[in-house]
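K.L.:
One structure, pasted below without further comment.
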Amino acid sequence: MDDLLVNPQEIFRSHLPVGALLLVIFVPSRDQDGQLIDQEYWVDEGLTTLGTLFRGATAYPRGRGVWRDDARGGTLLREEPIIVFSYVAAADLTTNALAQLYRTLSRMGREANQGEIGVVIDGKYYGITNYIEE
Amino acid sequence: MLSEKQIQQALHASRVVPLAVATPHGPLGLEQLAAAASRVNPALGSGDLGVRRPIALDHATWKKLEQLANTATQTTSQRVTPSQVAAAIIEQYVAALSPQDKAQE
């Protein structure tokens, strides 16, 4: 039973903390007026920010959504929000790291014309509507 | 580990909503998490977008709607668009109609 008490970090010779908190940001495909935004750019920005702050991040394209716009002759408009997520070590979730994350999200909210930017941290949704001017 | 309040302050978040997703891991868990988040913020997903119809307004009306939207944005700290103000006014007006009024429509 002693085998169960060993430290996995010692076995794998890993000296870096293992993230356990799920942090998710949502990158929309459209602005609040329904216009397409440069989603790829904002996914890259999200990945860069989370990767820098928390050592890694993954973009996960969701299953495609669709809705019929009867006002445009039944044209099918596609919604493809992309999830960018990271597993964060509790020790890395600092006010300084979140302040840097806020700067990126604030810029996305302002420049991509979003009513609200959503972040999920450890099962709680944080809605950001106040965007700083840079 | 930061508290919920500390995270909210650091992110300048205007609201915090717990999401009831037991296991938000893996593709299905993330889909479930995204669905829960889109119920909190419909703009995040392909939730119920309602009916969308273009309507014609004169320029003066649109200008007033823009002013109302600016005022609402300043007072509520939520970004409000003229279209949202127009939709809210129409929905409130229609909801306040008596059944007799509605029958005459």
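Labels for the structure tokens follow display order: chains A, B, ..., residues from 1 in each chain, ligands from 1.
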Pull out every residue of chain B that has at least one atom within 9 Å of chain A, counting only C-alpha atoms, and report them as an NGL selection string.
P.N.:
:B and (1-2 or 4 or 6-22 or 24-25 or 27 or 30-31 or 33-34 or 37 or 40-41 or 43-47 or 49 or 51-54 or 77-81 or 83)
K.L.:
Which residues are close to Ile89 of chain B, i.e. within 12 Å by only C-alpha atoms, leaving aside same-chain residues fewer than 5 positions away? Reply as an NGL selection string.
P.N.:
:B and (65 or 68-69 or 82-84 or 94-96)
K.L.:
Provide the atom CA of Ala57 of chain A to atom CA of Val84 of chain A distance in Å, to one decimal place.
P.N.:
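Separation between atom CA of Ala57 of chain A and atom CA of Val84 of chain A: 6.8 Å.
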K.L.:
Residues of segment 16-64 of chain B in alpha helix (DSSP H) according to DSSP, as a PyMOL selection string?
P.N.:
chain B and resi 26-40+59-64
K.L.:
Mind giving me the straight-line distance from atom CA of Leu50 of chain A to atom CA of Asn7 of chain A in Å, one decimal?
P.N.:
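Between these atoms lies a distance of 27.1 Å.
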K.L.:
Skip Thr104 of chain A itself and residues of its chain fewer than 3 positions away, then list as a PyMOL selection string all residues within 8 Å of it, counting only C-alpha atoms.
P.N.:
chain A and resi 45-46+49+100-101+107-108
K.L.:
Since we have the selection now, will you write its residues out, keeping C-alpha atoms, as an mmCIF file, in the first residue's frame?
P.N.:
```
data_model
loop_
_atom_site.group_PDB
_atom_site.id
_atom_site.type_symbol
_atom_site.label_atom_id
_atom_site.label_comp_id
_atom_site.auth_asym_id
_atom_site.auth_seq_id
_atom_site.Cartn_x
_atom_site.Cartn_y
_atom_site.Cartn_z
ATOM 1 C CA GLU A 45 -5.352 36.613 -27.963
ATOM 2 C CA GLY A 46 -7.142 34.388 -25.438
ATOM 3 C CA THR A 49 -2.988 35.393 -22.472
ATOM 4 C CA GLN A 100 -3.847 40.920 -16.872
ATOM 5 C CA LEU A 101 -6.630 38.612 -18.028
ATOM 6 C CA ARG A 107 -10.076 44.943 -24.995
ATOM 7 C CA MET A 108 -12.085 42.135 -26.608
#
```
K.L.:
How many Å lie between atom CA of Glu133 of chain A and atom CA of Lys64 of chain B, rounded to one decimal?
P.N.:
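If I compute the distance from atom CA of Glu133 of chain A to atom CA of Lys64 of chain B, I get 25.7 Å.
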K.L.:
Please return, as JSON, numbers by chain, all residues of chain B that DSSP assigns to strand (DSSP E) on the basis of the backbone.
P.N.:
{"B": [15, 16, 17, 18]}
